[in-house]
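Colleague: Enclosed is the structure file data30.cif (mmCIF, C-alpha atoms).
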data_structure
loop_
_atom_site.label_atom_id
_atom_site.label_comp_id
_atom_site.auth_asym_id
_atom_site.auth_seq_id
_atom_site.Cartn_x
_atom_site.Cartn_y
_atom_site.Cartn_z
CA MET A 850 20.75 10.66 1.81
CA GLU A 851 20.25 7.08 2.99
CA LYS A 852 16.84 5.40 2.95
CA SER A 853 16.73 5.37 6.75
CA GLU A 854 17.05 9.17 6.73
CA TRP A 855 14.35 9.42 4.05
CA ARG A 856 12.09 7.22 6.18
CA GLN A 857 12.42 9.57 9.15
CA ARG A 858 11.92 12.64 6.98
CA MET A 859 8.87 11.15 5.20
CA LEU A 860 7.25 9.99 8.47
CA LEU A 861 7.51 13.55 9.76
CA ALA A 862 6.26 15.08 6.49
CA ARG A 863 3.34 12.63 6.33
CA SER A 864 2.34 13.41 9.92
CA LYS A 865 2.03 17.11 9.03
CA ILE A 866 -0.15 16.75 5.93
CA ALA A 867 -3.03 19.22 5.89
CA ASP A 868 -6.54 18.55 4.55
CA ARG A 869 -6.08 14.81 5.11
CA ALA A 870 -9.80 13.94 4.98
CA LYS A 871 -10.22 15.69 1.62
CA LYS A 872 -7.09 14.04 0.22
CA ASP A 873 -8.13 10.60 1.48
CA LYS A 874 -11.51 11.00 -0.18
CA LEU A 875 -9.83 11.80 -3.51
CA LEU A 876 -7.52 8.79 -3.11
CA THR A 877 -10.44 6.52 -2.24
CA THR A 878 -12.36 7.63 -5.32
CA ALA A 879 -9.35 7.01 -7.59
CA ALA A 880 -8.62 3.63 -5.95
CA LEU A 881 -12.23 2.46 -6.31
CA ARG A 882 -12.19 3.46 -9.98
CA LEU A 883 -9.12 1.25 -10.48
CA ALA A 884 -10.78 -1.60 -8.58
CA GLU A 885 -13.85 -1.66 -10.85
CA SER A 886 -12.24 -4.14 -13.25
CA ALA A 887 -10.57 -6.27 -10.54
CA GLN A 888 -12.12 -9.32 -8.92
CA ASN A 889 -9.47 -9.99 -6.26
CA VAL A 890 -8.08 -7.00 -4.36
CA PHE A 891 -5.23 -7.14 -1.83
CA VAL A 892 -5.20 -3.95 0.26
CA TYR A 893 -3.25 -2.88 3.31
CA VAL A 894 -5.14 -1.80 6.41
CA SER A 895 -4.00 1.76 7.05
CA MET A 896 -2.59 2.76 10.40
CA GLY A 897 -1.30 6.03 11.79
CA SER A 898 -0.65 8.67 9.14
CA GLU A 899 -0.79 6.28 6.16
CA ALA A 900 -3.12 7.07 3.27
CA ASP A 901 -6.47 5.79 4.55
CA THR A 902 -7.72 2.49 3.14
CA HIS A 903 -10.64 1.82 5.48
CA GLY A 904 -13.12 3.44 3.06
CA ILE A 905 -11.71 1.40 0.17
CA ILE A 906 -12.03 -1.82 2.15
CA ARG A 907 -15.60 -1.04 3.26
CA ALA A 908 -16.65 -0.19 -0.31
CA LEU A 909 -15.14 -3.37 -1.79
CA TYR A 910 -16.09 -5.86 0.94
CA GLY A 911 -18.91 -8.11 -0.26
CA LYS A 912 -18.48 -6.97 -3.88
CA LYS A 913 -14.93 -8.20 -4.50
CA ASN A 914 -12.68 -10.82 -2.95
CA VAL A 915 -10.75 -8.68 -0.47
CA ALA A 916 -7.47 -9.79 1.09
CA VAL A 917 -5.33 -8.02 3.66
CA PRO A 918 -1.68 -8.51 4.64
CA CYS A 919 -0.85 -10.91 7.44
CA THR A 920 2.75 -10.63 8.56
CA ALA A 921 4.50 -13.11 10.85
CA PRO A 922 7.11 -12.02 13.40
CA ASP A 923 9.80 -13.25 10.96
CA LYS A 924 8.45 -10.61 8.49
CA THR A 925 6.99 -13.17 6.08
CA MET A 926 3.86 -11.60 4.59
CA HIS A 927 0.83 -13.37 3.16
CA ALA A 928 -2.42 -12.22 1.58
CA CYS A 929 -5.33 -13.44 3.73
CA ARG A 930 -9.03 -13.19 2.91
CA LEU A 931 -10.91 -10.63 4.94
CA ARG A 932 -13.69 -12.30 6.94
CA SER A 933 -15.34 -9.24 8.48
CA LEU A 934 -15.16 -5.47 8.55
CA ASP A 935 -13.56 -5.51 11.99
CA LEU A 936 -10.30 -3.83 10.98
CA THR A 937 -8.71 -3.94 14.43
CA CYS A 938 -5.01 -4.66 13.92
CA ASP A 939 -2.12 -5.94 15.97
CA ARG A 940 1.28 -4.22 16.01
CA TYR A 941 2.23 -5.84 12.69
CA GLY A 942 -0.90 -4.46 10.99
CA ASN A 943 -2.61 -7.86 10.97
CA VAL A 944 -6.38 -7.81 11.13
CA ARG A 945 -7.63 -10.06 13.92
CA GLU A 946 -10.48 -11.53 11.85
CA HIS A 947 -8.79 -12.84 8.73
CA GLY A 948 -9.38 -16.01 6.78
CA GLU A 949 -7.37 -18.36 4.60
CA VAL A 950 -4.16 -17.48 2.79
CA CYS A 951 -4.70 -16.51 -0.86
CA ASP A 952 -1.21 -15.53 -2.00
CA GLY A 953 -0.73 -14.64 -5.66
CA GLN A 954 -4.44 -14.34 -6.50
CA ALA A 955 -4.87 -10.55 -6.52
CA ASP A 956 -5.58 -8.64 -9.71
CA LEU A 957 -4.94 -5.38 -7.85
CA ILE A 958 -2.69 -4.72 -4.85
CA PHE A 959 -2.75 -1.47 -2.86
CA VAL A 960 0.61 -0.89 -1.17
CA PRO A 961 1.60 1.45 1.69
CA LEU A 962 4.66 3.63 1.41
CA LEU A 963 6.65 6.33 3.15
CA GLY A 964 8.10 7.97 0.06
CA PHE A 965 8.09 7.48 -3.69
CA ARG A 966 9.82 8.49 -6.89
CA GLN A 967 8.10 9.47 -10.13
CA ASP A 968 9.26 6.18 -11.67
CA CYS A 969 7.11 4.30 -9.10
CA HIS A 970 9.85 3.07 -6.80
CA ARG A 971 8.86 3.33 -3.16
CA ILE A 972 10.39 3.58 0.26
CA GLY A 973 8.63 1.24 2.64
CA TYR A 974 9.24 0.72 6.31
CA GLY A 975 12.50 -1.15 5.77
CA ALA A 976 11.51 -4.74 6.50
CA GLY A 977 11.26 -5.76 2.84
CA CYS A 978 7.90 -7.53 3.29
CA TYR A 979 6.31 -6.26 0.08
CA ASP A 980 9.47 -6.63 -2.04
CA ARG A 981 9.82 -10.27 -0.94
CA TYR A 982 6.11 -10.89 -1.53
CA PHE A 983 6.27 -9.36 -5.03
CA SER A 984 9.37 -11.37 -5.96
CA GLN A 985 7.51 -14.55 -4.99
CA PHE A 986 4.08 -13.52 -6.38
CA PRO A 987 4.72 -11.05 -9.23
CA SER A 988 1.22 -11.00 -10.75
CA GLY A 989 -1.34 -8.30 -10.08
CA GLN A 990 -1.20 -4.55 -10.62
CA LYS A 991 0.80 -2.97 -7.78
CA VAL A 992 -0.48 0.47 -6.78
CA GLY A 993 0.94 2.70 -4.07
CA LEU A 994 -1.32 5.14 -2.24
CA ALA A 995 0.40 8.34 -1.18
CA TYR A 996 0.13 12.04 -0.64
CA ASP A 997 1.90 14.40 -3.06
CA GLU A 998 4.12 15.54 -0.18
CA GLN A 999 5.74 12.08 -0.12
CA LEU A 1000 7.46 12.52 -3.49
CA CYS A 1001 11.23 12.37 -2.93
CA SER A 1002 14.50 11.25 -4.49
CA PHE A 1003 16.41 8.23 -3.23
CA ALA A 1004 18.76 5.53 -4.48
CA ILE A 1005 17.18 2.23 -5.54
CA GLY A 1006 18.38 -0.92 -3.81
CA PRO A 1007 19.04 -4.25 -5.58
CA ASN A 1008 15.94 -5.89 -4.05
CA ASP A 1009 13.56 -2.97 -4.63
CA ILE A 1010 10.62 -3.87 -6.85
CA PRO A 1011 8.87 -0.90 -8.48
CA LEU A 1012 5.12 -0.47 -8.38
CA ASP A 1013 3.03 -0.16 -11.54
CA ARG A 1014 1.34 3.04 -10.38
CA ILE A 1015 1.29 5.46 -7.52
CA LEU A 1016 -1.92 7.34 -6.84
CA THR A 1017 -1.87 10.66 -5.05
CA PRO A 1018 -4.77 13.08 -4.57
CA GLU A 1019 -3.42 15.14 -7.47
CA LYS A 1020 -1.79 12.66 -9.87
CA CYS A 1021 -1.36 9.13 -11.08
CA PHE A 1022 2.27 8.18 -11.68
CA ARG A 1023 2.79 5.21 -14.03
CA ARG A 1024 5.90 3.13 -14.40
CA GLU A 1025 7.41 3.04 -17.88
CA LYS A 1026 7.80 -0.63 -18.86
#
Translate this file's structure into C-alpha cells.
Modeller:
Amino acid sequence: MEKSEWRQRMLLARSKIADRAKKDKLLTTAALRLAESAQNVFVYVSMGSEADTHGIIRALYGKKNVAVPCTAPDKTMHACRLRSLDLTCDRYGNVREHGEVCDGQADLIFVPLLGFRQDCHRIGYGAGCYDRYFSQFPSGQKVGLAYDEQLCSFAIGPNDIPLDRILTPEKCFRREK
C-alpha cells in the first residue's frame, strides 16, 4: 500500500478513536515526564483529530522555552517562540501570536503523525516539512505523539527521518540506534 493510501486510512482510523480524552490525558502525562529534563521544547499545536498538545503547551509555558511550528506557504517550517497561550491557528497550523525564530535550539521536539511503525518511522501529512527541518536541524530528541490505533506498516522513503521515540497511551516505542 502506498503512503497516500495509508494517510487516508489513518485519518479515518484516527477520527474514530474512542476514549480520546482519557488517552490524551495519558499522553500528556507521559510527554510532561519527558519534558522535565528539557529546557527548550518545540511542540506542534494540535488540530482536528491529532493527539492533543494544548495541555502540554499550557503546562510548559512559562516554565520552559516553548516553540511552535511556523510554516510558510512554500512548506518551509521554522521553530518560533510562543509569545502567549492564544493557540488560534491558521490553515497551516501557525499560531497567530508567535515570536522570533529559534531553529535548532530544542532539546525535545513533539511531532504530529498520521501513522507509525514500531521502529519509530512515521507517516506525516506528505509535505515533508518535519523531514526537511530535521535534516537541517538534527539535534533534539524527536518524539511522536500517537494513539495505538495508528500503528501500521509502510515502506520507508529515502528522505524519511525516523523519530527517537513514539509515545502512545499504552506504550513508548524507542528507535534502536
Colleague: Expanded to explicit residues, what is the PyMOL selection byres ((chain A and resi 1020) around 10) for this file, as a list in words?
Modeller: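 Going through the file, the PyMOL selection byres ((chain A and resi 1020) around 10) ends up selecting Leu876, Ala879, Ala995, Tyr996, Asp997, Ile1015, Leu1016, Thr1017, Pro1018, Glu1019, Cys1021, Phe1022 and Arg1023 of chain A.
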Colleague: Find the distance between CA of Ile866 in chain A and CA of Gly942 in chain A and write it in Å to one decimal.
Modeller: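 Value for the CA of Ile866 in chain A-CA of Gly942 in chain A distance: 21.8 Å.
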Colleague: Suppose a student applies the PyMOL selection byres ((chain A and resi 886) around 12) to this structure; what residues should they get, written as a ChimeraX atom specification?
Modeller: /A:880-885,887-890,909,912-913,955-957,990
Colleague: Using only C-alpha atoms, which of the listed residues (A:Lys865, A:Lys874, A:His903, A:Arg858) sits closest to Thr937 in chain A?
Modeller: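 Selected residue with least distance to Thr937 in chain A: A:His903.
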Colleague: Find the spatial neighbours of Ser853 in chain A, counting all atoms listed in the file, within a cut-off of 12 Å - ignore same-chain residues fewer than 5 positions away - and output them as a ChimeraX atom specification.
Modeller: /A:858-860,963-964,972-976,1003-1004
Colleague: Could I get range 903-1008 of chain A from the block written as a short mmCIF file (atom, residue, chain, number, x, y, z; two decimals), in the first residue's frame, with C-alpha atoms?
Modeller:
data_model
loop_
_atom_site.label_atom_id
_atom_site.label_comp_id
_atom_site.auth_asym_id
_atom_site.auth_seq_id
_atom_site.Cartn_x
_atom_site.Cartn_y
_atom_site.Cartn_z
CA HIS A 903 -2.79 22.03 24.16
CA GLY A 904 -2.45 20.66 27.71
CA ILE A 905 1.27 20.06 27.16
CA ILE A 906 1.77 23.60 25.90
CA ARG A 907 -0.20 25.14 28.78
CA ALA A 908 1.75 23.13 31.35
CA LEU A 909 5.15 24.05 29.88
CA TYR A 910 4.51 27.71 29.03
CA GLY A 911 6.33 29.97 31.48
CA LYS A 912 8.41 27.08 32.84
CA LYS A 913 10.30 26.12 29.68
CA ASN A 914 11.18 27.88 26.44
CA VAL A 915 8.31 26.74 24.23
CA ALA A 916 8.44 26.95 20.44
CA VAL A 917 5.76 26.05 17.92
CA PRO A 918 5.99 25.34 14.18
CA CYS A 919 5.55 28.19 11.74
CA THR A 920 5.18 27.01 8.17
CA ALA A 921 5.34 29.26 5.12
CA PRO A 922 3.20 28.65 2.03
CA ASP A 923 6.30 27.12 0.36
CA LYS A 924 6.24 24.48 3.17
CA THR A 925 9.42 25.76 4.84
CA MET A 926 8.98 25.19 8.58
CA HIS A 927 10.63 27.07 11.43
CA ALA A 928 10.51 26.81 15.21
CA CYS A 929 9.14 30.08 16.62
CA ARG A 930 8.94 31.07 20.28
CA LEU A 931 5.45 31.06 21.72
CA ARG A 932 4.50 34.53 22.96
CA SER A 933 1.11 33.78 24.51
CA LEU A 934 -1.30 30.96 25.20
CA ASP A 935 -3.58 32.07 22.37
CA LEU A 936 -3.29 28.90 20.30
CA THR A 937 -5.54 30.08 17.46
CA CYS A 938 -4.03 28.74 14.24
CA ASP A 939 -4.25 29.49 10.55
CA ARG A 940 -4.76 26.77 7.94
CA TYR A 941 -1.06 25.83 8.07
CA GLY A 942 -1.22 25.30 11.84
CA ASN A 943 0.65 28.53 12.57
CA VAL A 944 -0.18 30.22 15.85
CA ARG A 945 -1.08 33.86 15.30
CA GLU A 946 0.90 35.11 18.31
CA HIS A 947 4.38 33.72 17.78
CA GLY A 948 7.75 35.31 18.36
CA GLU A 949 11.24 35.04 16.92
CA VAL A 950 12.62 32.07 15.03
CA CYS A 951 14.66 29.70 17.22
CA ASP A 952 15.51 26.87 14.82
CA GLY A 953 17.80 24.11 16.10
CA GLN A 954 17.58 25.06 19.79
CA ALA A 955 15.11 22.45 21.06
CA ASP A 956 16.17 19.69 23.43
CA LEU A 957 12.82 17.97 22.87
CA ILE A 958 10.55 18.06 19.82
CA PHE A 959 6.98 16.72 19.82
CA VAL A 960 5.94 15.71 16.30
CA PRO A 961 2.49 15.04 14.81
CA LEU A 962 1.87 11.95 12.72
CA LEU A 963 -0.80 10.01 10.90
CA GLY A 964 0.75 6.57 11.25
CA PHE A 965 3.88 4.99 12.68
CA ARG A 966 5.96 1.84 12.69
CA GLN A 967 7.46 0.19 15.75
CA ASP A 968 10.92 1.31 14.59
CA CYS A 969 9.79 4.96 15.00
CA HIS A 970 9.34 5.87 11.36
CA ARG A 971 6.24 7.99 10.81
CA ILE A 972 3.80 8.92 8.12
CA GLY A 973 3.17 12.64 8.16
CA TYR A 974 0.84 14.66 6.01
CA GLY A 975 3.02 14.34 2.91
CA ALA A 976 4.57 17.80 2.66
CA GLY A 977 7.93 16.76 4.12
CA CYS A 978 8.11 19.76 6.49
CA TYR A 979 9.43 17.85 9.51
CA ASP A 980 11.82 15.66 7.49
CA ARG A 981 13.37 18.75 5.88
CA TYR A 982 13.54 20.51 9.26
CA PHE A 983 15.23 17.50 10.90
CA SER A 984 17.76 17.16 8.07
CA GLN A 985 18.71 20.82 8.58
CA PHE A 986 18.49 20.83 12.41
CA PRO A 987 19.18 17.25 13.58
CA SER A 988 19.67 17.95 17.30
CA GLY A 989 17.00 17.41 19.92
CA GLN A 990 15.05 14.30 20.89
CA LYS A 991 12.27 13.74 18.34
CA VAL A 992 9.10 12.27 19.86
CA GLY A 993 5.90 11.42 18.02
CA LEU A 994 2.58 11.55 19.84
CA ALA A 995 0.07 8.99 18.64
CA TYR A 996 -2.73 6.65 19.52
CA ASP A 997 -2.09 2.89 19.50
CA GLU A 998 -4.58 2.59 16.63
CA GLN A 999 -2.15 4.47 14.37
CA LEU A 1000 0.43 1.65 14.32
CA CYS A 1001 0.78 0.42 10.73
CA SER A 1002 3.24 -0.99 8.21
CA PHE A 1003 4.56 1.07 5.31
CA ALA A 1004 7.62 1.40 3.12
CA ILE A 1005 10.22 3.96 4.18
CA GLY A 1006 11.14 6.67 1.68
CA PRO A 1007 14.70 7.91 1.04
CA ASN A 1008 14.03 11.26 2.77
#
